[in-house]
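Enquirer: final-v8.tsv is reproduced in full below (TSV, C-alpha atoms).
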```tsv
chain	number	residue	atom	x	y	z
A	1168	MET	CA	159.19	137.70	236.89
A	1169	THR	CA	159.52	138.19	233.16
A	1170	PRO	CA	162.22	135.95	231.76
A	1171	ALA	CA	165.16	137.55	230.01
A	1172	SER	CA	164.11	135.80	226.81
A	1173	ALA	CA	160.82	137.76	226.82
A	1174	VAL	CA	162.73	140.99	227.19
A	1175	SER	CA	165.15	140.07	224.47
A	1176	ALA	CA	162.29	139.30	222.09
A	1177	ALA	CA	160.81	142.75	222.69
A	1178	SER	CA	163.95	144.77	223.10
A	1179	GLY	CA	166.75	143.10	221.23
A	1180	ASP	CA	169.30	140.62	222.39
A	1181	PRO	CA	170.70	141.46	225.84
A	1182	ALA	CA	174.09	140.52	224.44
A	1183	SER	CA	173.84	143.58	222.21
A	1184	TRP	CA	173.17	145.91	225.14
A	1185	THR	CA	176.84	146.49	225.97
A	1186	PRO	CA	177.13	149.53	223.66
A	1187	LEU	CA	173.93	150.97	225.14
A	1188	LEU	CA	175.24	150.51	228.66
A	1189	GLU	CA	178.50	152.17	227.70
A	1190	GLU	CA	176.68	155.04	225.99
A	1191	ALA	CA	174.46	155.49	229.05
A	1192	ALA	CA	177.50	155.66	231.33
A	1193	ARG	CA	179.39	158.01	229.02
A	1194	GLU	CA	176.45	160.44	228.89
A	1195	VAL	CA	176.13	160.52	232.67
A	1196	PHE	CA	179.83	161.20	233.16
A	1197	ASP	CA	179.91	163.72	230.35
A	1198	LEU	CA	176.86	165.73	231.43
A	1199	MET	CA	177.00	165.43	235.20
A	1200	LEU	CA	180.73	165.12	235.89
A	1201	SER	CA	182.15	166.94	232.84
A	1202	SER	CA	184.43	163.95	232.28
A	1203	SER	CA	184.93	161.62	229.36
A	1204	LEU	CA	185.14	157.91	230.01
A	1205	THR	CA	187.61	155.83	228.05
A	1206	ARG	CA	187.81	152.09	227.58
A	1207	SER	CA	190.07	150.12	229.88
A	1208	ALA	CA	191.65	146.86	228.90
A	1209	LYS	CA	192.43	146.05	232.49
A	1210	ALA	CA	189.87	144.95	235.01
A	1211	ASP	CA	192.25	144.66	237.92
A	1212	GLN	CA	193.87	148.07	237.98
A	1213	GLU	CA	192.63	148.92	241.46
A	1214	VAL	CA	190.84	147.10	244.23
A	1215	PRO	CA	187.24	148.31	244.23
A	1216	GLY	CA	186.27	149.68	247.63
A	1217	VAL	CA	182.80	151.03	246.85
A	1218	THR	CA	179.89	149.47	244.96
A	1219	ALA	CA	176.65	151.21	244.00
A	1220	MET	CA	173.75	148.90	243.18
A	1221	VAL	CA	170.44	149.68	241.54
A	1222	GLY	CA	167.80	147.01	241.11
A	1223	LEU	CA	165.65	146.72	238.00
A	1224	ALA	CA	162.23	145.13	238.11
A	1225	GLY	CA	159.48	144.60	235.57
A	1226	ARG	CA	160.07	143.59	231.96
A	1227	LEU	CA	163.74	143.37	232.85
A	1228	CYS	CA	164.77	142.11	236.25
A	1229	GLY	CA	168.32	142.43	237.37
A	1230	LEU	CA	170.93	144.47	239.11
A	1231	LEU	CA	173.18	147.18	237.80
A	1232	SER	CA	176.33	147.70	239.82
A	1233	ILE	CA	179.18	150.16	239.58
A	1234	ARG	CA	182.45	149.46	241.36
A	1235	CYS	CA	185.49	151.60	241.92
A	1236	SER	CA	187.95	152.60	244.60
A	1237	ARG	CA	186.99	154.97	247.42
A	1238	LYS	CA	189.32	157.55	245.92
A	1239	THR	CA	187.60	157.28	242.53
A	1240	ALA	CA	184.17	157.68	244.12
A	1241	ALA	CA	185.45	160.74	246.01
A	1242	LEU	CA	186.67	162.24	242.75
A	1243	MET	CA	183.23	161.61	241.20
A	1244	ALA	CA	181.56	163.47	244.08
A	1245	SER	CA	184.06	166.29	243.72
A	1246	LYS	CA	183.37	166.58	239.98
A	1247	MET	CA	179.60	166.36	240.37
A	1248	LEU	CA	179.51	169.08	242.99
A	1249	ALA	CA	182.33	171.16	241.48
A	1250	MET	CA	184.06	171.10	244.86
A	1251	GLU	CA	187.46	170.09	246.13
A	1252	MET	CA	187.61	166.42	247.08
A	1253	SER	CA	188.04	167.30	250.75
A	1254	GLU	CA	184.91	169.50	250.70
A	1255	ALA	CA	182.81	166.80	249.00
A	1256	ASP	CA	183.84	164.01	251.37
A	1257	ASP	CA	180.49	163.84	253.20
A	1258	GLU	CA	178.66	163.40	249.91
A	1259	VAL	CA	180.75	160.59	248.39
A	1260	PHE	CA	178.26	157.76	248.87
A	1261	ASP	CA	175.23	159.84	247.95
A	1262	ALA	CA	176.95	161.04	244.77
A	1263	PHE	CA	178.13	157.56	243.86
A	1264	GLY	CA	174.64	156.14	244.37
A	1265	GLU	CA	173.23	158.85	242.12
A	1266	VAL	CA	175.77	157.98	239.42
A	1267	GLY	CA	174.52	154.38	239.60
A	1268	ASN	CA	170.92	155.55	239.51
A	1269	MET	CA	171.48	157.76	236.47
A	1270	VAL	CA	173.43	155.11	234.55
A	1271	ALA	CA	170.69	152.54	235.23
A	1272	GLY	CA	167.91	154.97	234.29
A	1273	ASN	CA	169.68	156.22	231.20
A	1274	PHE	CA	170.39	152.64	230.11
A	1275	LYS	CA	166.81	151.44	230.47
A	1276	ASN	CA	165.54	154.47	228.59
A	1277	LYS	CA	167.80	153.52	225.68
A	1278	VAL	CA	166.50	149.96	225.35
A	1279	PRO	CA	163.27	149.91	223.33
A	1280	GLY	CA	160.39	148.70	225.47
A	1281	LEU	CA	162.18	148.97	228.79
A	1282	GLY	CA	161.57	152.62	229.63
A	1283	ASP	CA	157.90	152.08	230.41
A	1284	GLY	CA	158.12	148.53	231.64
A	1285	CYS	CA	160.96	148.58	234.10
A	1286	MET	CA	161.24	150.25	237.48
A	1287	LEU	CA	164.40	151.17	239.34
A	1288	SER	CA	165.09	150.74	243.01
A	1289	VAL	CA	166.67	153.52	245.01
A	1290	PRO	CA	170.45	153.03	244.92
A	1291	THR	CA	172.33	151.12	247.61
A	1292	VAL	CA	176.02	151.76	248.23
A	1293	VAL	CA	178.21	149.08	249.76
A	1294	THR	CA	181.72	149.79	251.03
A	1295	GLY	CA	184.52	147.29	251.46
A	1296	THR	CA	185.74	144.42	249.36
A	1297	ASP	CA	185.02	141.34	251.42
A	1298	TYR	CA	181.69	140.40	249.89
A	1299	SER	CA	180.32	138.37	246.99
A	1300	LEU	CA	177.28	138.90	244.83
A	1301	HIS	CA	175.39	135.68	244.21
A	1302	SER	CA	173.00	135.66	241.29
A	1303	THR	CA	170.09	133.27	240.88
A	1304	THR	CA	170.70	133.11	237.14
A	1305	ALA	CA	173.22	131.49	234.90
A	1306	VAL	CA	173.07	134.40	232.47
A	1307	PRO	CA	176.52	136.00	232.43
A	1308	ALA	CA	176.64	139.67	233.43
A	1309	ILE	CA	177.31	142.39	230.88
A	1310	GLU	CA	180.52	143.94	232.14
A	1311	LEU	CA	182.31	147.13	231.19
A	1312	HIS	CA	185.65	148.41	232.40
A	1313	LEU	CA	186.08	152.12	231.84
A	1314	LEU	CA	188.54	154.75	232.90
A	1315	PHE	CA	187.38	157.93	234.60
A	1316	GLU	CA	190.26	160.39	234.96
A	1317	ASN	CA	192.53	157.36	234.46
A	1318	LEU	CA	190.90	155.53	237.35
A	1319	LEU	CA	189.06	152.25	236.84
A	1320	VAL	CA	185.28	152.13	237.01
A	1321	SER	CA	183.64	148.74	236.44
A	1322	ILE	CA	179.98	148.54	235.49
A	1323	ALA	CA	178.03	145.28	235.48
A	1324	LEU	CA	174.46	144.46	234.53
A	1325	GLN	CA	173.32	141.13	235.92
A	1326	ILE	CA	170.08	140.01	234.30
A	1327	SER	CA	167.80	137.63	236.16
A	1328	GLU	CA	166.06	134.85	234.29
B	1207	MET	CA	163.83	188.30	235.57
B	1208	ASN	CA	162.91	188.98	239.19
B	1209	SER	CA	164.57	186.92	241.86
B	1210	ILE	CA	162.68	183.73	242.65
B	1211	SER	CA	162.22	181.23	245.45
B	1212	ALA	CA	162.59	177.57	244.56
B	1213	LEU	CA	161.78	174.34	246.36
B	1214	ILE	CA	163.97	171.39	245.33
B	1215	VAL	CA	162.66	167.95	246.28
B	1216	ASP	CA	165.03	165.00	245.94
B	1217	ASP	CA	166.15	162.29	248.34
B	1218	SER	CA	169.74	162.88	247.25
B	1219	SER	CA	171.37	165.94	248.81
B	1220	VAL	CA	173.93	165.83	245.99
B	1221	MET	CA	171.18	166.10	243.37
B	1222	ARG	CA	169.57	168.98	245.28
B	1223	LYS	CA	172.87	170.84	245.16
B	1224	ILE	CA	173.33	170.06	241.46
B	1225	VAL	CA	169.83	171.27	240.63
B	1226	GLU	CA	170.44	174.49	242.56
B	1227	ARG	CA	173.74	175.00	240.75
B	1228	SER	CA	172.03	174.36	237.40
B	1229	LEU	CA	169.41	176.99	238.21
B	1230	ARG	CA	172.15	179.52	238.95
B	1231	GLN	CA	174.07	178.50	235.81
B	1232	ALA	CA	170.85	179.00	233.86
B	1233	GLY	CA	170.94	182.62	234.98
B	1234	MET	CA	168.24	182.49	237.64
B	1235	ASP	CA	168.45	184.95	240.47
B	1236	LEU	CA	167.55	182.81	243.47
B	1237	LYS	CA	166.52	184.73	246.54
B	1238	GLN	CA	165.69	181.55	248.45
B	1239	VAL	CA	166.23	177.85	247.88
B	1240	LEU	CA	164.31	175.42	250.08
B	1241	GLU	CA	165.07	171.71	250.11
B	1242	ALA	CA	163.09	168.59	250.94
B	1243	ALA	CA	164.13	164.93	250.84
B	1244	ASN	CA	160.67	163.60	249.88
B	1245	GLY	CA	157.15	164.67	249.03
B	1246	ALA	CA	155.89	164.64	252.60
B	1247	GLU	CA	158.69	166.95	253.73
B	1248	ALA	CA	157.98	169.22	250.77
B	1249	LEU	CA	154.28	169.50	251.66
B	1250	GLY	CA	155.29	170.50	255.18
B	1251	ILE	CA	157.65	173.18	253.87
B	1252	LEU	CA	154.95	174.56	251.57
B	1253	ASN	CA	152.55	174.93	254.47
B	1254	ASP	CA	154.87	177.60	255.87
B	1255	ASN	CA	156.53	179.05	252.77
B	1256	LEU	CA	155.69	180.58	249.42
B	1257	VAL	CA	157.78	179.55	246.43
B	1258	ASP	CA	157.76	180.43	242.73
B	1259	ILE	CA	158.74	177.04	241.37
B	1260	ILE	CA	159.11	173.43	242.54
B	1261	LEU	CA	161.64	171.00	241.06
B	1262	CYS	CA	160.86	167.45	242.08
B	1263	ASP	CA	162.29	163.95	241.68
B	1264	ILE	CA	159.89	161.01	241.19
B	1265	ASN	CA	161.54	158.03	242.91
B	1266	MET	CA	161.79	158.97	246.57
B	1267	PRO	CA	161.10	157.14	249.81
B	1268	VAL	CA	158.21	158.11	252.14
B	1269	MET	CA	156.26	159.99	249.45
B	1270	ASP	CA	157.23	159.90	245.79
B	1271	GLY	CA	157.02	162.78	243.36
B	1272	LEU	CA	153.79	161.72	241.67
B	1273	GLU	CA	151.95	161.38	244.98
B	1274	PHE	CA	153.38	164.75	246.02
B	1275	ILE	CA	151.91	166.46	242.95
B	1276	LYS	CA	148.54	164.83	243.55
B	1277	GLN	CA	148.50	166.20	247.09
B	1278	LEU	CA	149.72	169.68	246.15
B	1279	PRO	CA	146.19	171.13	245.60
B	1280	THR	CA	145.55	170.61	249.30
B	1281	VAL	CA	148.24	173.17	250.13
B	1282	VAL	CA	146.98	176.74	249.84
B	1283	ASN	CA	150.49	178.17	249.39
B	1284	ALA	CA	151.14	175.89	246.42
B	1285	LYS	CA	148.20	177.06	244.32
B	1286	GLY	CA	149.40	177.82	240.79
B	1287	VAL	CA	153.03	177.07	241.59
B	1288	PRO	CA	154.57	175.24	238.61
B	1289	VAL	CA	156.19	171.86	239.24
B	1290	ILE	CA	158.99	170.51	237.06
B	1291	MET	CA	159.92	166.86	237.43
B	1292	ILE	CA	163.65	166.04	237.35
B	1293	THR	CA	164.12	162.30	237.27
B	1294	THR	CA	165.83	159.26	235.82
B	1295	GLU	CA	162.37	157.82	235.04
B	1296	GLY	CA	162.36	159.22	231.54
B	1297	SER	CA	159.86	156.98	229.79
B	1298	GLU	CA	156.89	158.37	227.88
B	1299	ALA	CA	154.50	156.76	230.34
B	1300	HIS	CA	156.20	158.51	233.25
B	1301	VAL	CA	156.09	161.84	231.43
B	1302	VAL	CA	152.38	161.40	230.70
B	1303	GLN	CA	151.74	160.34	234.29
B	1304	ALA	CA	153.58	163.37	235.66
B	1305	ILE	CA	151.91	165.84	233.30
B	1306	SER	CA	148.50	164.31	234.02
B	1307	ALA	CA	149.16	164.70	237.72
B	1308	GLY	CA	149.86	168.40	237.23
B	1309	ALA	CA	153.56	168.76	236.37
B	1310	ARG	CA	154.34	171.59	233.96
B	1311	GLY	CA	157.65	170.23	232.72
B	1312	TYR	CA	159.92	167.22	232.72
B	1313	ILE	CA	163.72	167.01	232.76
B	1314	ARG	CA	165.51	163.68	232.43
B	1315	LYS	CA	168.66	162.94	234.39
B	1316	PRO	CA	171.41	163.30	233.29
B	1317	PHE	CA	170.76	166.90	232.30
B	1318	THR	CA	172.56	170.13	231.46
B	1319	ALA	CA	172.00	173.61	232.83
B	1320	GLU	CA	170.85	174.54	229.33
B	1321	GLN	CA	168.06	171.95	229.48
B	1322	VAL	CA	167.01	173.29	232.86
B	1323	LYS	CA	166.93	176.79	231.41
B	1324	GLU	CA	164.90	175.72	228.35
B	1325	GLN	CA	162.29	174.06	230.54
B	1326	ILE	CA	162.00	176.61	233.29
B	1327	LEU	CA	162.31	180.04	231.70
B	1328	PRO	CA	159.14	179.79	229.56
B	1329	ILE	CA	157.20	178.53	232.56
B	1330	LEU	CA	158.39	181.35	234.79
B	1331	ALA	CA	157.64	183.80	231.99
B	1332	GLY	CA	154.05	182.56	232.08
B	1333	LYS	CA	154.09	180.77	228.76
B	1334	PRO	CA	152.07	177.55	228.50
```
Please, can you express the file's structure as structure tokens?

Expert:
Amino acid sequence: MTPASAVSAASGDPASWTPLLEEAAREVFDLMLSSSLTRSAKADQEVPGVTAMVGLAGRLCGLLSIRCSRKTAALMASKMLAMEMSEADDEVFDAFGEVGNMVAGNFKNKVPGLGDGCMLSVPTVVTGTDYSLHSTTAVPAIELHLLFENLLVSIALQISE
Amino acid sequence: MNSISALIVDDSSVMRKIVERSLRQAGMDLKQVLEAANGAEALGILNDNLVDIILCDINMPVMDGLEFIKQLPTVVNAKGVPVIMITTEGSEAHVVQAISAGARGYIRKPFTAEQVKEQILPILAGKP
């Protein structure tokens, strides 16, 4: 596994990646959901009920996760498919996983040196709240709290050392 | 433009729907849209169907998009059918890999209907 320090030497300091992660998320929501994300000061507005996770491996190893409520994920599916929320219900997890996939892909393509040297896993979607993510690294995650249609969406990038 | 048949290959049913919608928004008259969840499924569909264009993801289980393109020449029905990759893997190396394998175009996710139109119309019009 390539240490985060090697990636930072080639691609800039991971601490400076927050704006790139935010830009990546904003572009996905803008182009695929026709929605603008805004910054949220609060991280505890709603209890997240759904988490999409995409693994990164190669020059950067880590995990990108997106968390929100089930209702928020349903609204994302509805917006992506241009359908009523009730019609899009069967597609909620697939749509949410794809949002995670696109944010992760868009992010890595924005970091110099990562596009070619980092692979993405297929997305995994976890439902429920009674779980914990345990990282093998002491590197703190890059975290963003954004509002989508006034509903909280939290995005975290946990980098492995 | 005449109406066309398209094969959309993506493991996400949501993305398949979005790609189809983008094709319609781009002004394409679709007489038939076939869907596959991976490259192996797509090869099976092409054994029994003729299409005018294939839009294909790269990262898929069972058979990924690059392997699918490599195997396309073995399918008689797919001869000369243009393949456009639609994927989050937007690096230069991936583009080169896809084009070398036979893809005619490359669209990065996230995308707009306009980008789909810009990529596909010249190819369907027979321009290189």

Enquirer: Go through chain B residue by residue and, counting all atoms listed in the file, keep those with an atom at most 8 Å from chain A; for each kept residue give the shortest atom pair and its distance in Å to one decimal, ordered by chain and increasing number, as JSON lines.

Expert:
```
{"residue": "B:Ser1218", "atom": "CA", "partner": "A:Asp1261", "partner_atom": "CA", "distance": 6.3}
{"residue": "B:Ser1219", "atom": "CA", "partner": "A:Asp1261", "partner_atom": "CA", "distance": 7.3}
{"residue": "B:Val1220", "atom": "CA", "partner": "A:Ala1262", "partner_atom": "CA", "distance": 5.8}
{"residue": "B:Met1221", "atom": "CA", "partner": "A:Glu1265", "partner_atom": "CA", "distance": 7.6}
{"residue": "B:Lys1223", "atom": "CA", "partner": "A:Leu1248", "partner_atom": "CA", "distance": 7.2}
{"residue": "B:Ile1224", "atom": "CA", "partner": "A:Leu1248", "partner_atom": "CA", "distance": 6.4}
{"residue": "B:Asn1265", "atom": "CA", "partner": "A:Val1289", "partner_atom": "CA", "distance": 7.1}
{"residue": "B:Met1266", "atom": "CA", "partner": "A:Val1289", "partner_atom": "CA", "distance": 7.5}
{"residue": "B:Thr1294", "atom": "CA", "partner": "A:Gly1272", "partner_atom": "CA", "distance": 5.0}
{"residue": "B:Glu1295", "atom": "CA", "partner": "A:Gly1272", "partner_atom": "CA", "distance": 6.3}
{"residue": "B:Gly1296", "atom": "CA", "partner": "A:Asn1276", "partner_atom": "CA", "distance": 6.4}
{"residue": "B:Ser1297", "atom": "CA", "partner": "A:Gly1282", "partner_atom": "CA", "distance": 4.7}
{"residue": "B:Glu1298", "atom": "CA", "partner": "A:Asp1283", "partner_atom": "CA", "distance": 6.9}
{"residue": "B:Ala1299", "atom": "CA", "partner": "A:Asp1283", "partner_atom": "CA", "distance": 5.8}
{"residue": "B:His1300", "atom": "CA", "partner": "A:Asp1283", "partner_atom": "CA", "distance": 7.2}
{"residue": "B:Lys1315", "atom": "CA", "partner": "A:Met1269", "partner_atom": "CA", "distance": 6.3}
{"residue": "B:Pro1316", "atom": "CA", "partner": "A:Val1195", "partner_atom": "CA", "distance": 5.5}
{"residue": "B:Phe1317", "atom": "CA", "partner": "A:Leu1198", "partner_atom": "CA", "distance": 6.3}
{"residue": "B:Thr1318", "atom": "CA", "partner": "A:Leu1198", "partner_atom": "CA", "distance": 6.2}
```

Enquirer: Residues of the last selection are to be written out with C-alpha atoms, as a PDB file, keeping the file's coordinate frame.

Expert:
```pdb
ATOM      1  CA  SER B1218     169.740 162.880 247.250  1.00  0.00           C
ATOM      2  CA  SER B1219     171.370 165.940 248.810  1.00  0.00           C
ATOM      3  CA  VAL B1220     173.930 165.830 245.990  1.00  0.00           C
ATOM      4  CA  MET B1221     171.180 166.100 243.370  1.00  0.00           C
ATOM      5  CA  LYS B1223     172.870 170.840 245.160  1.00  0.00           C
ATOM      6  CA  ILE B1224     173.330 170.060 241.460  1.00  0.00           C
ATOM      7  CA  ASN B1265     161.540 158.030 242.910  1.00  0.00           C
ATOM      8  CA  MET B1266     161.790 158.970 246.570  1.00  0.00           C
ATOM      9  CA  THR B1294     165.830 159.260 235.820  1.00  0.00           C
ATOM     10  CA  GLU B1295     162.370 157.820 235.040  1.00  0.00           C
ATOM     11  CA  GLY B1296     162.360 159.220 231.540  1.00  0.00           C
ATOM     12  CA  SER B1297     159.860 156.980 229.790  1.00  0.00           C
ATOM     13  CA  GLU B1298     156.890 158.370 227.880  1.00  0.00           C
ATOM     14  CA  ALA B1299     154.500 156.760 230.340  1.00  0.00           C
ATOM     15  CA  HIS B1300     156.200 158.510 233.250  1.00  0.00           C
ATOM     16  CA  LYS B1315     168.660 162.940 234.390  1.00  0.00           C
ATOM     17  CA  PRO B1316     171.410 163.300 233.290  1.00  0.00           C
ATOM     18  CA  PHE B1317     170.760 166.900 232.300  1.00  0.00           C
ATOM     19  CA  THR B1318     172.560 170.130 231.460  1.00  0.00           C
TER      20      THR B1318
END
```

Enquirer: What is the CA of Ser1232 in chain A-CA of Thr1294 in chain A distance in Å, reported with one decimal?

Expert: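 The value is 12.6 Å.
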
Enquirer: Which residues come within 10 Å of Leu1318 in chain A, counting all atoms listed in the file, excluding same-chain residues fewer than 6 positions away, as a list in words?

Expert: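 Returned residues: Leu1204, Thr1205, Ser1207, Gln1212, Glu1213, Cys1235, Ser1236, Lys1238, Thr1239, Ala1240 and Leu1242 of chain A.
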
Enquirer: Would you work out the distance separating CA of Phe1315 in chain A from CA of Gln1321 in chain B, expressed in Å to one decimal?

Expert: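 Answer for the CA of Phe1315 in chain A to CA of Gln1321 in chain B separation: 24.4 Å.
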
Enquirer: Measuring atom to atom with only C-alpha atoms, identify which of B:Gly1245, B:Gly1233, B:Gly1332, B:Gly1311 is nearest to Leu1272 in chain B.

Expert: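 Closest residue, counting only C-alpha atoms: B:Gly1245.
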
Enquirer: Could you pull the residues within 7 Å of Asp1216 in chain B, counting all atoms listed in the file, minus those fewer than 6 positions along the same chain, as a PyMOL selection string?

Expert: chain B and resi 1222+1242-1244+1262-1263+1266
